[in-house]
>>> print(open('run.txt').read())   # compact mmCIF, C-alpha atoms
# COMPACT_ATOMS: atom_id res chain seq x y z
CA MET C 1 -4.96 3.06 -14.01
CA LEU C 2 -2.96 -0.10 -13.27
CA ASP C 3 -3.16 -3.06 -15.62
CA LEU C 4 -1.38 -6.33 -14.87
CA LYS C 5 -1.62 -9.10 -17.46
CA ASN C 6 -0.48 -12.73 -17.15
CA ALA C 7 2.01 -11.74 -14.45
CA PHE C 8 4.62 -14.28 -13.41
CA TYR C 9 7.23 -14.00 -10.67
CA SER C 10 9.42 -16.42 -8.73
CA TYR C 11 12.12 -16.14 -6.07
CA GLU C 12 15.05 -18.46 -6.81
CA GLY C 13 12.71 -21.00 -8.32
CA GLN C 14 9.98 -20.54 -5.71
CA LEU C 15 6.74 -19.53 -7.42
CA ALA C 16 5.15 -16.30 -6.14
CA LEU C 17 2.81 -15.11 -8.93
CA ASN C 18 1.39 -17.47 -11.54
CA ASP C 19 -0.48 -15.98 -14.52
CA VAL C 20 -2.05 -13.15 -12.51
CA SER C 21 -4.16 -10.53 -14.33
CA LEU C 22 -5.62 -7.55 -12.50
CA GLU C 23 -6.93 -4.11 -13.39
CA VAL C 24 -7.13 -1.39 -10.73
CA LYS C 25 -9.46 1.50 -11.38
CA THR C 26 -8.68 5.12 -10.56
CA GLY C 27 -10.11 6.13 -7.20
CA GLU C 28 -11.10 2.69 -5.97
CA THR C 29 -10.10 0.81 -2.83
CA LEU C 30 -8.98 -2.69 -3.75
CA VAL C 31 -8.21 -5.25 -1.05
CA ILE C 32 -5.98 -8.26 -1.68
CA MET C 33 -6.85 -11.28 0.47
CA GLY C 34 -5.69 -14.88 0.64
CA PRO C 35 -3.58 -17.37 2.60
CA ASN C 36 -0.06 -16.58 3.80
CA GLY C 37 2.48 -17.18 1.06
CA SER C 38 -0.07 -16.95 -1.74
CA GLY C 39 1.58 -13.93 -3.41
CA LYS C 40 -0.14 -10.89 -1.88
CA SER C 41 3.02 -9.06 -0.78
CA THR C 42 4.80 -9.90 -4.03
CA LEU C 43 1.93 -8.45 -6.03
CA LEU C 44 1.98 -5.21 -4.03
CA LYS C 45 5.74 -4.84 -4.49
CA ILE C 46 5.44 -5.46 -8.23
CA LEU C 47 2.78 -2.75 -8.50
CA THR C 48 5.01 -0.34 -6.57
CA GLY C 49 7.98 -1.05 -8.84
CA PHE C 50 10.28 -2.75 -6.33
CA PHE C 51 11.25 -5.28 -8.98
CA PRO C 52 10.15 -6.18 -12.52
CA LEU C 53 7.98 -9.09 -13.59
CA LYS C 54 9.66 -12.19 -14.95
CA GLY C 55 6.74 -12.76 -17.29
CA GLY C 56 3.64 -10.93 -18.42
CA SER C 57 3.18 -7.15 -18.46
CA TYR C 58 2.48 -4.26 -16.11
CA GLN C 59 1.10 -0.95 -17.35
CA PHE C 60 0.66 2.08 -15.06
CA LYS C 61 -1.21 4.77 -16.98
CA ASP C 62 0.99 5.25 -20.07
CA LEU C 63 4.09 3.71 -18.47
CA ASN C 64 5.20 0.21 -19.43
CA VAL C 65 6.81 -0.97 -16.20
CA ASP C 66 9.38 -3.60 -17.14
CA LYS C 67 13.04 -4.24 -16.31
CA THR C 68 14.31 -1.66 -18.81
CA PHE C 69 11.97 0.96 -17.36
CA LEU C 70 12.92 0.25 -13.72
CA ASP C 71 16.65 0.15 -14.52
CA ASP C 72 16.45 3.76 -15.73
CA PRO C 73 16.35 6.00 -12.60
CA LYS C 74 14.72 8.92 -14.42
CA GLN C 75 12.00 6.72 -15.86
CA ALA C 76 11.45 4.78 -12.63
CA ALA C 77 11.05 8.05 -10.71
CA LYS C 78 7.89 8.73 -12.73
CA LEU C 79 6.35 5.66 -11.09
CA TYR C 80 7.78 6.19 -7.60
CA GLU C 81 6.39 9.74 -7.46
CA GLN C 82 2.88 8.47 -8.11
CA ILE C 83 2.75 5.26 -6.05
CA GLY C 84 3.61 5.17 -2.34
CA PHE C 85 4.25 1.95 -0.38
CA VAL C 86 3.69 1.31 3.34
CA PHE C 87 5.56 -1.76 4.59
CA GLN C 88 3.99 -4.33 6.87
CA ASP C 89 6.87 -3.85 9.32
CA SER C 90 7.10 -0.13 10.12
CA ASP C 91 10.64 -0.55 11.49
CA VAL C 92 11.81 -1.27 7.93
CA GLN C 93 10.42 2.05 6.75
CA LEU C 94 11.46 4.43 9.54
CA PHE C 95 15.13 5.44 9.77
CA ASN C 96 15.35 9.15 10.60
CA MET C 97 16.09 10.59 14.04
CA SER C 98 12.74 12.35 14.50
CA VAL C 99 9.20 12.04 13.24
CA ARG C 100 9.47 15.50 11.68
CA GLU C 101 12.57 14.44 9.72
CA GLU C 102 10.84 11.21 8.70
CA LEU C 103 7.89 13.09 7.22
CA ALA C 104 10.18 15.59 5.48
CA PHE C 105 12.48 13.01 3.89
CA GLY C 106 10.30 12.07 0.91
CA PRO C 107 9.40 15.60 -0.18
CA GLN C 108 13.06 16.59 0.15
CA GLN C 109 14.02 13.75 -2.22
CA LEU C 110 11.48 15.13 -4.68
CA GLY C 111 13.41 18.40 -4.65
CA LEU C 112 10.58 20.50 -3.25
CA PRO C 113 11.36 23.97 -1.83
CA PRO C 114 12.02 23.99 1.95
CA ALA C 115 8.90 26.07 2.64
CA GLU C 116 6.68 23.55 0.85
CA VAL C 117 8.34 20.65 2.64
CA GLU C 118 7.71 22.35 5.98
CA GLN C 119 4.07 23.00 5.09
CA ARG C 120 3.50 19.40 4.01
CA VAL C 121 4.99 18.13 7.26
CA ALA C 122 2.85 20.47 9.33
CA ASP C 123 -0.30 19.49 7.42
CA CYS C 124 0.48 15.79 7.82
CA LEU C 125 1.16 16.08 11.55
CA LYS C 126 -2.20 17.79 11.95
CA LEU C 127 -4.13 15.36 9.75
CA LEU C 128 -2.75 12.37 11.64
CA ALA C 129 -3.11 14.14 15.01
CA ILE C 130 0.52 13.37 15.88
CA GLU C 131 1.87 16.87 16.50
CA ARG C 132 2.93 15.69 19.96
CA LEU C 133 5.25 13.14 18.32
CA ALA C 134 7.00 15.56 15.95
CA ASP C 135 10.33 15.59 17.78
CA ARG C 136 10.23 12.00 19.05
CA VAL C 137 12.59 9.30 17.77
CA PRO C 138 10.48 6.95 15.60
CA TYR C 139 11.85 3.70 17.00
CA HIS C 140 10.77 4.78 20.52
CA LEU C 141 7.11 4.94 19.48
CA SER C 142 4.38 2.35 19.97
CA GLY C 143 3.41 0.05 17.12
CA GLY C 144 0.33 2.10 16.28
CA GLU C 145 2.25 5.37 16.38
CA LYS C 146 4.95 3.92 14.12
CA LYS C 147 2.31 2.85 11.61
CA LEU C 148 0.82 6.35 11.51
CA VAL C 149 4.28 7.85 10.95
CA ALA C 150 5.03 5.29 8.21
CA ILE C 151 1.81 6.24 6.45
CA GLY C 152 2.67 9.90 7.00
CA SER C 153 6.07 9.45 5.36
CA VAL C 154 4.22 8.42 2.21
CA LEU C 155 1.42 10.94 2.63
CA THR C 156 3.79 13.92 2.53
CA MET C 157 4.86 12.84 -0.96
CA ASN C 158 1.22 13.12 -2.08
CA PRO C 159 1.12 10.08 -4.39
CA GLU C 160 -1.95 9.20 -6.42
CA VAL C 161 -1.87 5.58 -5.26
CA PHE C 162 -1.32 4.27 -1.73
CA VAL C 163 -0.21 0.64 -1.44
CA LEU C 164 -0.26 -0.88 2.06
CA ASP C 165 0.95 -4.35 3.02
CA GLU C 166 -1.09 -5.73 5.96
CA PRO C 167 -1.48 -2.28 7.60
CA PHE C 168 -3.53 -3.61 10.54
CA ASN C 169 -1.21 -6.40 11.68
CA GLY C 170 -0.36 -6.20 15.37
CA LEU C 171 -2.34 -3.02 15.97
CA SER C 172 -4.84 -2.38 18.74
CA PRO C 173 -8.50 -1.81 17.80
CA TYR C 174 -7.97 1.91 18.45
CA TYR C 175 -5.23 2.23 15.81
CA ARG C 176 -7.00 -0.08 13.37
CA THR C 177 -10.01 2.23 13.51
CA LEU C 178 -7.82 5.31 13.08
CA ILE C 179 -6.16 3.91 9.99
CA VAL C 180 -9.44 2.78 8.43
CA GLU C 181 -10.80 6.30 8.92
CA LEU C 182 -7.64 7.79 7.40
CA LEU C 183 -7.80 5.52 4.36
CA ALA C 184 -11.46 6.45 3.89
CA LYS C 185 -10.53 10.15 3.90
CA LEU C 186 -7.74 9.58 1.38
CA ASN C 187 -10.08 7.64 -0.89
CA GLN C 188 -12.75 10.33 -0.63
CA SER C 189 -10.13 12.87 -1.70
CA GLY C 190 -9.57 10.87 -4.91
CA LYS C 191 -6.67 8.63 -3.94
CA THR C 192 -6.53 5.04 -5.15
CA ILE C 193 -5.96 2.58 -2.30
CA ILE C 194 -4.57 -0.96 -2.67
CA LEU C 195 -4.00 -2.98 0.48
CA SER C 196 -3.72 -6.52 1.73
CA SER C 197 -5.65 -7.82 4.71
CA HIS C 198 -6.51 -11.12 6.39
CA HIS C 199 -9.93 -10.21 7.70
CA PHE C 200 -12.85 -8.80 5.73
CA GLY C 201 -14.31 -7.24 8.87
CA GLN C 202 -11.34 -4.89 9.09
CA ILE C 203 -11.86 -3.41 5.64
CA LYS C 204 -15.53 -3.91 4.80
CA ASP C 205 -16.34 -0.25 5.39
CA ILE C 206 -13.77 1.03 2.90
CA CYS C 207 -13.31 -1.63 0.20
CA ASP C 208 -14.86 -1.46 -3.26
CA ARG C 209 -13.56 -4.82 -4.48
CA VAL C 210 -11.69 -7.83 -3.08
CA ALA C 211 -9.19 -9.88 -5.09
CA LEU C 212 -8.85 -13.30 -3.50
CA PHE C 213 -5.57 -15.20 -3.97
CA SER C 214 -5.37 -18.99 -3.92
CA GLU C 215 -2.57 -21.19 -2.62
CA GLN C 216 -1.61 -21.71 -6.28
CA HIS C 217 -0.43 -18.05 -6.39
CA GLN C 218 -3.27 -17.05 -8.66
CA ILE C 219 -6.24 -14.72 -8.28
CA GLN C 220 -9.11 -17.10 -7.63
CA LYS C 221 -11.86 -14.49 -7.96
CA ILE C 222 -12.56 -10.77 -7.76
CA MET C 223 -15.73 -9.65 -5.98
CA THR C 224 -17.43 -6.38 -5.17
CA LYS C 225 -18.30 -5.60 -1.57
CA ALA C 226 -21.98 -6.01 -2.39
CA GLU C 227 -21.40 -9.49 -3.80
CA ILE C 228 -19.58 -10.53 -0.64
CA LEU C 229 -22.16 -9.11 1.74
CA ASN C 230 -24.98 -10.80 -0.21
CA ASP C 231 -23.31 -14.23 0.04
CA PRO C 232 -23.18 -15.52 3.66
CA THR C 233 -20.91 -18.40 2.64
CA GLU C 234 -18.37 -16.07 1.04
CA LEU C 235 -18.61 -13.64 3.95
CA ALA C 236 -17.93 -16.39 6.48
CA HIS C 237 -14.97 -17.63 4.42
CA LEU C 238 -13.34 -14.21 4.05
CA SER C 239 -13.84 -13.42 7.74
CA VAL C 240 -11.62 -16.31 8.81
CA LEU C 241 -8.78 -16.03 6.27
>>> encode(input="run.txt", output="structure tokens")
Amino acid sequence: MLDLKNAFYSYEGQLALNDVSLEVKTGETLVIMGPNGSGKSTLLKILTGFFPLKGGSYQFKDLNVDKTFLDDPKQAAKLYEQIGFVFQDSDVQLFNMSVREELAFGPQQLGLPPAEVEQRVADCLKLLAIERLADRVPYHLSGGEKKLVAIGSVLTMNPEVFVLDEPFNGLSPYYRTLIVELLAKLNQSGKTIILSSHHFGQIKDICDRVALFSEQHQIQKIMTKAEILNDPTELAHLSVL
């Protein structure tokens, strides 16, 4: 589904991705792990189409995602409709005056009929069990509630791929469990999930594979969950990243 080859990216001369190749399969849950500053967030933003690679290639299905593609709003929309991104900091993502408006914003931008937008919002509120928050102002919510609403703002657009940058950071065990259960449901429904995490224990129940970044901004290795669980040394290492 997603195919990244020999990807290179830098910020004003600061290396972020160095010859990174990665294939993501339809319907899998792939977790990106590694030290801070190793390139995890950059990779997720490249896959979502926030900016083009400076070297290498990125293919999403039959779309060649390069600078020319992303500079064309009509072409880029084909990618944005299929891949949804959840920021690490929910405050960056939430800007409407109510949760209901937040959930409706994406579908409205897609040009969906008002009745369908309303139905998607209602379904999302129910799925996330946040009906009680529908008319609340997002920035008045707790960290866990904000994260659910941020995920909901992507969920109402019904993308094929969900990309989440450190979705468990700063959350209580209660909300971490809720989000893991939600991601499992989405994956079971056929959605492809790509997320970054610092602790294998948080994602071991939902991951299919782990791509481990090195401090050299490269993917050091890619392992299946079974391979990790069968190697106590690797398990101990990933549990303290």
>>> atom_distance(input="run.txt", atom1="CA of Val20 (chain C)", atom2="CA of Val161 (chain C)")
20.1 Å
>>> closest_residue(input="run.txt", among="C:Lys45, C:Arg120, C:Arg209, C:Lys221", to="Val154 (chain C)", atoms="only C-alpha atoms")
C:Arg120
>>> atom_distance(input="run.txt", atom1="CA of Pro167 (chain C)", atom2="CA of Pro232 (chain C)")
25.7 Å
>>> residues_around(input="run.txt", residues="Ser142 (chain C)", least_positions_apart="3", cutoff="12 Å", atoms="all atoms listed in the file", output="list in words")
Ser90, Asp91, Leu133, Arg136, Val137, Pro138, Tyr139, Glu145, Lys146, Lys147, Leu148, Val149, Gly170, Leu171, Ser172 and Tyr175 of chain C
>>> atom_distance(input="run.txt", atom1="CA of Pro113 (chain C)", atom2="CA of Gly190 (chain C)")
24.9 Å
>>> closest_residue(input="run.txt", among="C:Pro52, C:Gly39, C:Asn18, C:Met157", to="Gln119 (chain C)", atoms="all atoms listed in the file")
C:Met157
>>> closest_residue(input="run.txt", among="C:Glu28, C:Ser10, C:His140, C:Ser38", to="Gln216 (chain C)", atoms="all atoms listed in the file")
C:Ser38
>>> closest_residue(input="run.txt", among="C:Leu4, C:Gly152, C:Gly37, C:Ile193", to="Glu102 (chain C)", atoms="all atoms listed in the file")
C:Gly152
>>> build_atoms(input="run.txt", residues="region 10-23 of chain C", atoms="N, CA, C and O atoms", output="mmCIF file, in the coordinates of the input")
data_model
loop_
_atom_site.group_PDB
_atom_site.id
_atom_site.type_symbol
_atom_site.label_atom_id
_atom_site.label_comp_id
_atom_site.auth_asym_id
_atom_site.auth_seq_id
_atom_site.Cartn_x
_atom_site.Cartn_y
_atom_site.Cartn_z
ATOM 1 N N SER C 10 8.917 -15.378 -9.626
ATOM 2 C CA SER C 10 9.420 -16.420 -8.730
ATOM 3 C C SER C 10 10.677 -15.920 -8.041
ATOM 4 O O SER C 10 11.396 -15.069 -8.562
ATOM 5 N N TYR C 11 10.914 -16.439 -6.837
ATOM 6 C CA TYR C 11 12.120 -16.140 -6.070
ATOM 7 C C TYR C 11 12.996 -17.385 -6.069
ATOM 8 O O TYR C 11 12.661 -18.389 -5.426
ATOM 9 N N GLU C 12 14.113 -17.336 -6.780
ATOM 10 C CA GLU C 12 15.050 -18.460 -6.810
ATOM 11 C C GLU C 12 14.326 -19.787 -7.013
ATOM 12 O O GLU C 12 14.540 -20.761 -6.287
ATOM 13 N N GLY C 13 13.433 -19.784 -7.987
ATOM 14 C CA GLY C 13 12.710 -21.000 -8.320
ATOM 15 C C GLY C 13 11.444 -21.235 -7.529
ATOM 16 O O GLY C 13 10.675 -22.155 -7.834
ATOM 17 N N GLN C 14 11.193 -20.401 -6.516
ATOM 18 C CA GLN C 14 9.980 -20.540 -5.710
ATOM 19 C C GLN C 14 8.884 -19.654 -6.292
ATOM 20 O O GLN C 14 9.009 -18.433 -6.304
ATOM 21 N N LEU C 15 7.817 -20.261 -6.762
ATOM 22 C CA LEU C 15 6.740 -19.530 -7.420
ATOM 23 C C LEU C 15 6.069 -18.549 -6.469
ATOM 24 O O LEU C 15 5.775 -18.880 -5.320
ATOM 25 N N ALA C 16 5.824 -17.319 -6.954
ATOM 26 C CA ALA C 16 5.150 -16.300 -6.140
ATOM 27 C C ALA C 16 3.900 -15.775 -6.830
ATOM 28 O O ALA C 16 2.866 -15.566 -6.188
ATOM 29 N N LEU C 17 3.977 -15.519 -8.134
ATOM 30 C CA LEU C 17 2.810 -15.110 -8.930
ATOM 31 C C LEU C 17 2.743 -16.009 -10.151
ATOM 32 O O LEU C 17 3.753 -16.227 -10.835
ATOM 33 N N ASN C 18 1.544 -16.525 -10.447
ATOM 34 C CA ASN C 18 1.390 -17.470 -11.540
ATOM 35 C C ASN C 18 0.225 -17.061 -12.433
ATOM 36 O O ASN C 18 -0.934 -17.307 -12.106
ATOM 37 N N ASP C 19 0.536 -16.374 -13.532
ATOM 38 C CA ASP C 19 -0.480 -15.980 -14.520
ATOM 39 C C ASP C 19 -1.570 -15.112 -13.878
ATOM 40 O O ASP C 19 -2.761 -15.402 -13.988
ATOM 41 N N VAL C 20 -1.129 -14.043 -13.225
ATOM 42 C CA VAL C 20 -2.050 -13.150 -12.510
ATOM 43 C C VAL C 20 -2.390 -11.946 -13.395
ATOM 44 O O VAL C 20 -1.506 -11.254 -13.894
ATOM 45 N N SER C 21 -3.683 -11.709 -13.591
ATOM 46 C CA SER C 21 -4.160 -10.530 -14.330
ATOM 47 C C SER C 21 -5.065 -9.721 -13.413
ATOM 48 O O SER C 21 -5.929 -10.278 -12.734
ATOM 49 N N LEU C 22 -4.870 -8.413 -13.413
ATOM 50 C CA LEU C 22 -5.620 -7.550 -12.500
ATOM 51 C C LEU C 22 -5.636 -6.134 -13.048
ATOM 52 O O LEU C 22 -4.605 -5.608 -13.475
ATOM 53 N N GLU C 23 -6.802 -5.518 -13.020
ATOM 54 C CA GLU C 23 -6.930 -4.110 -13.390
ATOM 55 C C GLU C 23 -7.422 -3.338 -12.171
ATOM 56 O O GLU C 23 -8.394 -3.737 -11.531
#
